[in-house]
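Chemist: First the structure, which I've put down as structure tokens, then a few questions once you've had a look.
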Amino acid sequence: MLKLPTTLRQIVLIGALIGALATPLPAAAQTLTMAVQSTFGIDPHFFFNGPNMAAARHIYDTVISRDENSRQVPGAVESWRAVEPQIWELKLRAGVTFHDGTPFTADDIAFSIARIPAVPGNIGPYTINLRTISRVEVVDPLTVRLHTSEPNPVIPGQMTNVFIVSARAAAQASTQDFNAGRAAIGTGPYRVVGGGVTPSGMQLERFAGYHGTQPAWSQVNVRVVANDAARLAGLLAGDFDLIEDVPLGDVARLRREGRVNIAARPTDRIMYLSLNVARDPLPLVVDAAGQPLPVNPLSDVRVRQALSLAIDRAALVDRVMEGQAVASGQLTPEGFGGYDPAARLPAGDAAAARRLLAEAGYPEGFGLTIACSNDRYVNDARICQAVGQMLSRAGLRMTVDVTPSTVFFPRIRPARVTLPVHFVGRSFSSGDASYVLSTSFHTREPTGLLGGANRAGFSDPALDARIREVMVRMDGGREAALREMMHDVQAMHVQIPLYVQMTVIGTRRTITYTPRMDEQVVAVHARPAR
């Protein structure tokens, strides 16, 4: 089990004293209306991103469950263990049923794992969570064995991202069938009603046969409201009971006024810049005169280091994130394997960045585009603009390219990225730095199981060998090896960490909410205030 430090276990619930004066929800108030930022789908194997996973957690169980502190806990699968270095055995909970009344068995886990790589046109496949699984053995209806091609100590973490679907209901189902609700049959606390998911959201009904604790609300209405101000206005007007991503500029005022409850905590999501290091010319990198450069300057580590030096992380957190983030110079969040508590936060130094650019042969700088979404991460567009300004002060001629996530994410598919720099976030559900090493720094392999998130064109055969070695270690020296490797890859500046994102949730005074470390907003964590 992952042991988290006290600072990350703490959940800040603002307005608790005021909430104590409020009466609990009456018995008739059975519908919870949630407003979320981003559109989502409910095919739990299509597009591996946070909004889709949050929606899926209402409907489906994952093979191994995780709680609000990202600890692996019993769920539909009640226990797991490595019976041999290359065999993990999972024991299913007896008596679990799907929403249609059919029993949940080991065949459903085998089917779900087999379906993941078979989903066509997947812009963000879940296949990286199947790394090393060579065979799924159904021992009996309540026992599954995962055979791996090599020892893999993070299989349980990987399985917290693998959702279980009904082999019967999904045998011939497409992603469209899931989104229409026809195949969205899970074992989770809620079932889909009202025709599935639409761009405006979805409706859920409490599943009376759920194997876990019954959620507080019998009905959940999930609404997509992309505009931050509109979500907050709806909460204050009583149209919404709960909203995600409270506008950070309003948090202090809301705390003072006490009209709503605010729940906040650091998450496991590192926000960072991904740099395209391929030597080939990039269309959005030009010289000081606006002409294409024959070689990508980001292939030079001195240039990448200059970009890192130009960024004042503390200022980003204080001025743009309103203090609701944790500045970081590491690619692993606190509390996860590979994090170094002794590492210091890098200081911004635009003058030193200019000197490095001149040393690399760019005394006049060059033109560079940074791309980001405007509706996926907290303050993503504002962060992008602020980072662009900081890089401009180091002598670069910056263009900031902001698009909706529906446009942005297809542009950063690992196999076809031509953007020189993009801003993105990554969570750490598997538990340690082997996740980022194997997915983002290993040379991209055709299967995508190694290097599946390598968008940078980065390849280092010697590092690949070290990654593969540490991935199979199950001894006491694994943590030290992870820290050493994370130190080395951070010095390459292929990815530039900026801060750990916080999740900030607003609710009516009559409701309390326990935020999840993985920042997924799930109705089961909302309860009537006492």
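Going by the structure tokens order, chains are called A, B, ..., each with residues numbered from 1, while ligands are numbered from 1 in the order shown.
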With only C-alpha atoms as the counted atoms, please give the residues lying no more than 7 Å from Ile505 in chain A, apart from itself and same-chain residues fewer than 6 positions off, as a VMD selection string.

Modeler: chain A and resid 243 to 246 262 to 264

Chemist: Run DSSP on the backbone and give me the residues of range 141-285 of chain A it puts in helix (DSSP H, G or I), as a PyMOL selection string.

Modeler: chain A and resi 155-159+167-170+175-179+228-237+248-257

Chemist: Leaving out Thr187 in chain A and any residue of its chain fewer than 5 positions from it, which residues lie within 7 Å of it when counting only C-alpha atoms, given as a CSV table (one decimal) with all heavy atoms, in the first residue's frame?

Modeler:
chain,number,residue,atom,x,y,z
A,59,ILE,N,-19.9,4.5,-13.1
A,59,ILE,CA,-20.7,3.4,-13.8
A,59,ILE,C,-20.0,2.1,-13.7
A,59,ILE,O,-20.6,1.0,-13.5
A,59,ILE,CB,-20.8,3.7,-15.3
A,59,ILE,CG1,-21.5,5.1,-15.5
A,59,ILE,CG2,-21.6,2.7,-16.1
A,59,ILE,CD1,-21.3,5.7,-16.9
A,60,TYR,N,-18.6,2.1,-13.7
A,60,TYR,CA,-17.9,0.8,-13.7
A,60,TYR,C,-16.9,0.8,-12.5
A,60,TYR,O,-16.5,1.8,-12.0
A,60,TYR,CB,-17.0,0.8,-15.0
A,60,TYR,CG,-17.7,1.2,-16.3
A,60,TYR,CD1,-17.6,2.5,-16.7
A,60,TYR,CD2,-18.4,0.3,-17.0
A,60,TYR,CE1,-18.2,2.9,-17.9
A,60,TYR,CE2,-19.1,0.6,-18.2
A,60,TYR,CZ,-18.9,1.9,-18.6
A,60,TYR,OH,-19.5,2.3,-19.8
A,61,ASP,N,-16.6,-0.4,-12.2
A,61,ASP,CA,-15.4,-0.6,-11.3
A,61,ASP,C,-14.2,-0.8,-12.1
A,61,ASP,O,-14.2,-1.2,-13.2
A,61,ASP,CB,-15.6,-1.9,-10.4
A,61,ASP,CG,-16.5,-1.8,-9.3
A,61,ASP,OD1,-16.2,-1.0,-8.3
A,61,ASP,OD2,-17.6,-2.4,-9.3
A,97,THR,N,-22.9,-8.1,-9.1
A,97,THR,CA,-23.6,-8.2,-10.4
A,97,THR,C,-23.5,-6.9,-11.2
A,97,THR,O,-23.2,-5.9,-10.6
A,97,THR,CB,-25.1,-8.5,-10.1
A,97,THR,OG1,-25.6,-7.4,-9.4
A,97,THR,CG2,-25.3,-9.8,-9.3
A,98,PHE,N,-23.7,-7.1,-12.5
A,98,PHE,CA,-23.8,-5.9,-13.4
A,98,PHE,C,-25.2,-5.3,-13.2
A,98,PHE,O,-26.1,-5.8,-12.6
A,98,PHE,CB,-23.5,-6.4,-14.8
A,98,PHE,CG,-22.1,-6.6,-15.1
A,98,PHE,CD1,-21.6,-8.0,-15.1
A,98,PHE,CD2,-21.2,-5.6,-15.4
A,98,PHE,CE1,-20.3,-8.2,-15.4
A,98,PHE,CE2,-19.9,-5.9,-15.7
A,98,PHE,CZ,-19.4,-7.2,-15.7
A,99,HIS,N,-25.3,-4.1,-13.8
A,99,HIS,CA,-26.5,-3.3,-13.8
A,99,HIS,C,-27.7,-4.1,-14.4
A,99,HIS,O,-28.8,-3.8,-14.0
A,99,HIS,CB,-26.4,-2.0,-14.5
A,99,HIS,CG,-25.3,-1.1,-13.9
A,99,HIS,ND1,-24.7,-0.1,-14.6
A,99,HIS,CD2,-24.8,-1.0,-12.6
A,99,HIS,CE1,-23.8,0.5,-13.8
A,99,HIS,NE2,-23.8,-0.1,-12.6
A,210,TYR,N,-25.5,-2.5,-6.0
A,210,TYR,CA,-24.1,-2.2,-5.9
A,210,TYR,C,-23.5,-2.9,-4.7
A,210,TYR,O,-24.1,-2.9,-3.6
A,210,TYR,CB,-23.9,-0.7,-5.8
A,210,TYR,CG,-22.5,-0.2,-5.6
A,210,TYR,CD1,-21.5,-0.6,-6.5
A,210,TYR,CD2,-22.1,0.6,-4.6
A,210,TYR,CE1,-20.2,-0.2,-6.4
A,210,TYR,CE2,-20.8,1.0,-4.4
A,210,TYR,CZ,-19.8,0.6,-5.3
A,210,TYR,OH,-18.5,1.0,-5.2

Chemist: Determine, for each residue of range 276-384 of chain A having at least one atom at most 7 Å from an atom of range 396-416 of chain A, the closest pair of atoms and their separation in Å to one decimal, counting only C-alpha atoms; order by chain and ascending number, as CSV.

Modeler:
residue,atom,partner,partner_atom,distance
A:Gly365,CA,A:Leu396,CA,4.9
A:Phe366,CA,A:Leu396,CA,5.3
A:Gly367,CA,A:Arg397,CA,4.4
A:Leu368,CA,A:Met398,CA,5.1
A:Thr369,CA,A:Thr399,CA,4.6
A:Ile370,CA,A:Val400,CA,5.1
A:Ala371,CA,A:Asp401,CA,4.5
A:Cys372,CA,A:Val402,CA,5.2
A:Ser373,CA,A:Thr403,CA,5.1
A:Asn374,CA,A:Pro404,CA,5.4
A:Asp375,CA,A:Pro404,CA,5.9
A:Arg376,CA,A:Ser405,CA,6.1
A:Ala381,CA,A:Val402,CA,6.4
A:Cys384,CA,A:Val400,CA,6.8

Chemist: The selected residues should be written to file as a compact mmCIF listing (two decimals), in the first residue's frame (atoms: N, CA, C and O atoms).

Modeler:
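Written out: again.txt:
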# COMPACT_ATOMS: atom_id res chain seq x y z
N GLY A 365 17.91 34.95 -30.12
CA GLY A 365 16.75 34.11 -29.86
C GLY A 365 16.20 33.50 -31.14
O GLY A 365 16.86 33.47 -32.18
N PHE A 366 14.98 33.03 -31.10
CA PHE A 366 14.31 32.49 -32.28
C PHE A 366 12.81 32.46 -31.99
O PHE A 366 12.37 32.69 -30.86
N GLY A 367 12.03 32.20 -33.03
CA GLY A 367 10.58 32.15 -32.89
C GLY A 367 10.11 30.77 -32.48
O GLY A 367 10.54 29.76 -33.03
N LEU A 368 9.20 30.72 -31.50
CA LEU A 368 8.78 29.45 -30.93
C LEU A 368 7.29 29.51 -30.59
O LEU A 368 6.81 30.53 -30.10
N THR A 369 6.57 28.43 -30.87
CA THR A 369 5.14 28.34 -30.54
C THR A 369 4.94 27.39 -29.38
O THR A 369 5.50 26.29 -29.35
N ILE A 370 4.13 27.82 -28.41
CA ILE A 370 3.70 26.95 -27.32
C ILE A 370 2.21 26.75 -27.46
O ILE A 370 1.46 27.71 -27.64
N ALA A 371 1.77 25.50 -27.41
CA ALA A 371 0.35 25.18 -27.59
C ALA A 371 -0.23 24.64 -26.29
O ALA A 371 0.45 23.97 -25.50
N CYS A 372 -1.51 24.90 -26.06
CA CYS A 372 -2.18 24.37 -24.89
C CYS A 372 -3.68 24.36 -25.12
O CYS A 372 -4.19 24.98 -26.06
N SER A 373 -4.38 23.66 -24.25
CA SER A 373 -5.83 23.66 -24.25
C SER A 373 -6.35 24.87 -23.48
O SER A 373 -5.60 25.51 -22.73
N ASN A 374 -7.63 25.13 -23.64
CA ASN A 374 -8.23 26.22 -22.86
C ASN A 374 -9.40 25.75 -22.02
O ASN A 374 -10.12 26.57 -21.43
N ASP A 375 -9.58 24.41 -21.93
CA ASP A 375 -10.74 23.91 -21.20
C ASP A 375 -10.49 22.56 -20.53
O ASP A 375 -11.43 21.87 -20.17
N ARG A 376 -9.23 22.19 -20.38
CA ARG A 376 -8.94 20.88 -19.80
C ARG A 376 -8.35 20.99 -18.39
O ARG A 376 -8.76 20.27 -17.48
N ALA A 381 -5.20 28.13 -20.15
CA ALA A 381 -4.89 29.19 -21.12
C ALA A 381 -4.08 30.31 -20.48
O ALA A 381 -3.14 30.85 -21.09
N CYS A 384 -0.50 29.25 -20.04
CA CYS A 384 0.18 29.26 -21.32
C CYS A 384 0.63 30.68 -21.68
O CYS A 384 1.75 30.90 -22.15

Chemist: Going by DSSP on the backbone, which residues of range 205-367 of chain A come out as strand (DSSP E)? List them as a compact mmCIF listing (two decimals) with all heavy atoms, in the first residue's frame.

Modeler:
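Done, and the output landed in part14.txt:
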# COMPACT_ATOMS: atom_id res chain seq x y z
N GLU A 205 -28.59 6.96 -12.28
CA GLU A 205 -29.51 6.47 -11.26
C GLU A 205 -28.78 5.49 -10.37
O GLU A 205 -28.04 4.64 -10.85
CB GLU A 205 -30.70 5.79 -11.94
CG GLU A 205 -31.76 5.25 -11.00
CD GLU A 205 -32.90 4.62 -11.77
OE1 GLU A 205 -32.78 3.43 -12.16
OE2 GLU A 205 -33.89 5.33 -12.02
N ARG A 206 -28.99 5.59 -9.07
CA ARG A 206 -28.32 4.72 -8.11
C ARG A 206 -28.65 3.26 -8.39
O ARG A 206 -29.79 2.89 -8.64
CB ARG A 206 -28.75 5.09 -6.69
CG ARG A 206 -28.01 4.35 -5.59
CD ARG A 206 -28.24 5.02 -4.25
NE ARG A 206 -29.65 5.14 -3.93
CZ ARG A 206 -30.16 5.97 -3.03
NH1 ARG A 206 -29.34 6.78 -2.35
NH2 ARG A 206 -31.45 6.03 -2.79
N GLN A 219 -30.27 10.00 -7.58
CA GLN A 219 -30.14 10.49 -8.95
C GLN A 219 -28.97 11.47 -9.01
O GLN A 219 -28.78 12.27 -8.09
CB GLN A 219 -31.41 11.22 -9.41
CG GLN A 219 -32.70 10.44 -9.23
CD GLN A 219 -32.88 9.36 -10.26
OE1 GLN A 219 -32.35 9.46 -11.37
NE2 GLN A 219 -33.62 8.30 -9.92
N VAL A 220 -28.21 11.40 -10.11
CA VAL A 220 -27.14 12.37 -10.34
C VAL A 220 -27.28 12.92 -11.74
O VAL A 220 -27.42 12.17 -12.72
CB VAL A 220 -25.74 11.72 -10.17
CG1 VAL A 220 -24.64 12.72 -10.54
CG2 VAL A 220 -25.54 11.23 -8.74
N ASN A 221 -27.27 14.23 -11.82
CA ASN A 221 -27.33 14.92 -13.10
C ASN A 221 -25.97 15.58 -13.33
O ASN A 221 -25.61 16.52 -12.61
CB ASN A 221 -28.44 15.96 -13.09
CG ASN A 221 -28.61 16.67 -14.42
OD1 ASN A 221 -28.05 16.23 -15.44
ND2 ASN A 221 -29.37 17.75 -14.44
N VAL A 222 -25.18 15.07 -14.27
CA VAL A 222 -23.86 15.62 -14.57
C VAL A 222 -24.00 16.58 -15.74
O VAL A 222 -24.38 16.17 -16.84
CB VAL A 222 -22.84 14.51 -14.90
CG1 VAL A 222 -21.46 15.11 -15.11
CG2 VAL A 222 -22.80 13.46 -13.79
N ARG A 223 -23.70 17.84 -15.51
CA ARG A 223 -23.83 18.87 -16.54
C ARG A 223 -22.45 19.34 -16.97
O ARG A 223 -21.57 19.58 -16.12
CB ARG A 223 -24.62 20.06 -15.98
CG ARG A 223 -26.04 19.74 -15.57
CD ARG A 223 -27.01 19.89 -16.72
NE ARG A 223 -26.95 21.25 -17.25
CZ ARG A 223 -27.61 22.31 -16.73
NH1 ARG A 223 -28.35 22.15 -15.65
NH2 ARG A 223 -27.52 23.50 -17.27
N VAL A 224 -22.25 19.52 -18.26
CA VAL A 224 -20.99 20.08 -18.78
C VAL A 224 -21.17 21.59 -18.92
O VAL A 224 -22.02 22.05 -19.69
CB VAL A 224 -20.61 19.46 -20.13
CG1 VAL A 224 -19.35 20.12 -20.67
CG2 VAL A 224 -20.41 17.95 -19.98
N LEU A 242 -22.91 21.04 -6.85
CA LEU A 242 -21.47 20.81 -6.75
C LEU A 242 -20.84 21.22 -8.07
O LEU A 242 -21.38 20.91 -9.14
CB LEU A 242 -21.22 19.33 -6.45
CG LEU A 242 -19.79 18.83 -6.26
CD1 LEU A 242 -19.80 17.57 -5.39
CD2 LEU A 242 -19.11 18.49 -7.59
N ILE A 243 -19.70 21.90 -8.01
CA ILE A 243 -18.98 22.26 -9.23
C ILE A 243 -17.51 21.92 -9.07
O ILE A 243 -16.97 21.96 -7.96
CB ILE A 243 -19.12 23.75 -9.61
CG1 ILE A 243 -18.45 24.64 -8.57
CG2 ILE A 243 -20.58 24.12 -9.80
CD1 ILE A 243 -18.35 26.11 -8.98
N ASN A 261 -19.48 25.85 0.47
CA ASN A 261 -18.33 25.12 1.00
C ASN A 261 -17.28 24.97 -0.09
O ASN A 261 -17.62 24.76 -1.26
CB ASN A 261 -18.74 23.73 1.49
CG ASN A 261 -19.57 23.77 2.75
OD1 ASN A 261 -19.56 24.75 3.49
ND2 ASN A 261 -20.31 22.70 3.01
N ILE A 262 -16.03 25.05 0.30
CA ILE A 262 -14.91 24.85 -0.62
C ILE A 262 -14.06 23.69 -0.08
O ILE A 262 -13.71 23.67 1.10
CB ILE A 262 -14.01 26.10 -0.74
CG1 ILE A 262 -14.82 27.30 -1.24
CG2 ILE A 262 -12.82 25.83 -1.65
CD1 ILE A 262 -15.32 27.16 -2.66
N ALA A 263 -13.77 22.73 -0.94
CA ALA A 263 -12.89 21.61 -0.58
C ALA A 263 -11.71 21.61 -1.54
O ALA A 263 -11.90 21.65 -2.75
CB ALA A 263 -13.64 20.28 -0.66
N ALA A 264 -10.48 21.59 -1.00
CA ALA A 264 -9.30 21.69 -1.85
C ALA A 264 -8.20 20.77 -1.35
O ALA A 264 -8.11 20.50 -0.15
CB ALA A 264 -8.78 23.13 -1.89
N ARG A 265 -7.38 20.27 -2.27
CA ARG A 265 -6.22 19.47 -1.89
C ARG A 265 -5.25 19.40 -3.06
O ARG A 265 -5.65 19.53 -4.23
CB ARG A 265 -6.64 18.06 -1.49
CG ARG A 265 -7.01 17.18 -2.68
CD ARG A 265 -7.28 15.74 -2.29
NE ARG A 265 -6.14 15.10 -1.68
CZ ARG A 265 -6.18 13.92 -1.08
NH1 ARG A 265 -7.32 13.25 -1.02
NH2 ARG A 265 -5.11 13.39 -0.55
N PRO A 266 -3.95 19.18 -2.79
CA PRO A 266 -3.01 18.89 -3.87
C PRO A 266 -3.36 17.55 -4.51
O PRO A 266 -3.85 16.63 -3.84
CB PRO A 266 -1.65 18.82 -3.17
CG PRO A 266 -1.85 19.48 -1.86
CD PRO A 266 -3.27 19.25 -1.48
N THR A 267 -3.13 17.45 -5.80
CA THR A 267 -3.44 16.22 -6.52
C THR A 267 -2.15 15.47 -6.85
O THR A 267 -1.06 15.84 -6.40
CB THR A 267 -4.18 16.54 -7.82
OG1 THR A 267 -3.29 17.19 -8.74
CG2 THR A 267 -5.38 17.45 -7.55
N ASP A 268 -2.29 14.43 -7.66
CA ASP A 268 -1.11 13.71 -8.12
C ASP A 268 -0.74 14.12 -9.55
O ASP A 268 -0.01 13.42 -10.23
CB ASP A 268 -1.32 12.19 -8.05
CG ASP A 268 -2.44 11.70 -8.97
OD1 ASP A 268 -3.04 12.52 -9.70
OD2 ASP A 268 -2.72 10.48 -8.96
N ARG A 269 -1.25 15.27 -10.00
CA ARG A 269 -1.03 15.70 -11.38
C ARG A 269 0.10 16.74 -11.46
O ARG A 269 0.00 17.84 -10.90
CB ARG A 269 -2.29 16.29 -12.00
CG ARG A 269 -2.10 16.70 -13.48
CD ARG A 269 -3.40 17.13 -14.11
NE ARG A 269 -4.38 16.08 -14.12
CZ ARG A 269 -4.41 15.09 -15.01
NH1 ARG A 269 -3.49 15.02 -15.95
NH2 ARG A 269 -5.35 14.17 -14.94
N ILE A 270 1.15 16.38 -12.16
CA ILE A 270 2.23 17.32 -12.47
C ILE A 270 1.91 18.03 -13.78
O ILE A 270 1.62 17.38 -14.80
CB ILE A 270 3.58 16.58 -12.60
CG1 ILE A 270 4.06 16.06 -11.23
CG2 ILE A 270 4.65 17.47 -13.23
CD1 ILE A 270 4.62 17.14 -10.32
N MET A 271 1.96 19.35 -13.76
CA MET A 271 1.78 20.13 -14.98
C MET A 271 3.17 20.48 -15.52
O MET A 271 4.05 20.94 -14.75
CB MET A 271 0.99 21.40 -14.70
CG MET A 271 -0.38 21.14 -14.05
SD MET A 271 -1.45 20.03 -14.99
CE MET A 271 -1.59 20.93 -16.55
N TYR A 272 3.37 20.29 -16.81
CA TYR A 272 4.71 20.45 -17.36
C TYR A 272 4.66 20.87 -18.82
O TYR A 272 3.60 20.82 -19.47
CB TYR A 272 5.49 19.14 -17.23
CG TYR A 272 4.94 17.98 -18.04
CD1 TYR A 272 5.46 17.67 -19.29
CD2 TYR A 272 3.90 17.20 -17.55
CE1 TYR A 272 4.95 16.62 -20.03
CE2 TYR A 272 3.40 16.14 -18.28
CZ TYR A 272 3.92 15.85 -19.52
OH TYR A 272 3.41 14.81 -20.27
N LEU A 273 5.81 21.31 -19.32
CA LEU A 273 5.98 21.59 -20.74
C LEU A 273 6.66 20.40 -21.39
O LEU A 273 7.67 19.90 -20.88
CB LEU A 273 6.83 22.84 -20.96
CG LEU A 273 6.34 24.16 -20.39
CD1 LEU A 273 7.32 25.28 -20.72
CD2 LEU A 273 4.94 24.50 -20.90
N SER A 274 6.13 19.95 -22.49
CA SER A 274 6.76 18.88 -23.27
C SER A 274 7.45 19.53 -24.48
O SER A 274 6.82 20.27 -25.24
CB SER A 274 5.72 17.88 -23.74
OG SER A 274 6.32 16.86 -24.52
N LEU A 275 8.74 19.25 -24.62
CA LEU A 275 9.55 19.85 -25.69
C LEU A 275 9.84 18.82 -26.77
O LEU A 275 10.24 17.69 -26.46
CB LEU A 275 10.88 20.40 -25.13
CG LEU A 275 10.84 21.79 -24.48
CD1 LEU A 275 9.80 21.90 -23.39
CD2 LEU A 275 12.22 22.15 -23.93
N VAL A 285 8.99 26.57 -35.62
CA VAL A 285 10.23 27.09 -35.05
C VAL A 285 10.96 27.83 -36.17
O VAL A 285 11.32 27.24 -37.19
CB VAL A 285 11.12 25.95 -34.50
CG1 VAL A 285 12.41 26.53 -33.92
CG2 VAL A 285 10.38 25.16 -33.42
N VAL A 286 11.18 29.12 -35.97
CA VAL A 286 11.77 29.97 -37.01
C VAL A 286 12.88 30.81 -36.42
O VAL A 286 12.99 30.97 -35.20
CB VAL A 286 10.71 30.87 -37.67
CG1 VAL A 286 9.65 30.04 -38.39
CG2 VAL A 286 10.06 31.78 -36.62
N ALA A 325 -1.82 25.86 -6.07
CA ALA A 325 -0.97 24.88 -6.72
C ALA A 325 0.30 24.80 -5.90
O ALA A 325 0.53 25.62 -5.00
CB ALA A 325 -0.67 25.26 -8.17
N VAL A 326 1.15 23.82 -6.20
CA VAL A 326 2.41 23.64 -5.49
C VAL A 326 3.54 23.66 -6.51
O VAL A 326 3.64 22.75 -7.34
CB VAL A 326 2.44 22.32 -4.70
CG1 VAL A 326 3.76 22.17 -3.94
CG2 VAL A 326 1.26 22.24 -3.73
N ALA A 327 4.36 24.71 -6.50
CA ALA A 327 5.45 24.83 -7.46
C ALA A 327 6.39 23.64 -7.33
O ALA A 327 6.68 23.17 -6.23
CB ALA A 327 6.22 26.13 -7.23
N GLY A 367 12.03 32.20 -33.03
CA GLY A 367 10.58 32.15 -32.89
C GLY A 367 10.11 30.77 -32.48
O GLY A 367 10.54 29.76 -33.03

Chemist: Go through A:Arg71, A:Ala386, A:Ala306, A:His487 one by one, measure the shortest atom-to-atom distance of each to Ala342 in chain A using only C-alpha atoms, and give the residue with the smallest value.

Modeler: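 Selected residue with least distance to Ala342 in chain A: A:His487.
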
Chemist: Determine the nearest neighbour of Phe423 in chain A from the options A:Arg393, A:Arg66, A:Arg382, A:Arg191, counting only C-alpha atoms.

Modeler: A:Arg382

Chemist: So which one's closest to Ile128 in chain A, A:Leu235, A:Val436, A:Met517, A:Met390? Using only C-alpha atoms, please.

Modeler: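 Ranked by minimum distance to Ile128 in chain A, first place goes to A:Val436.
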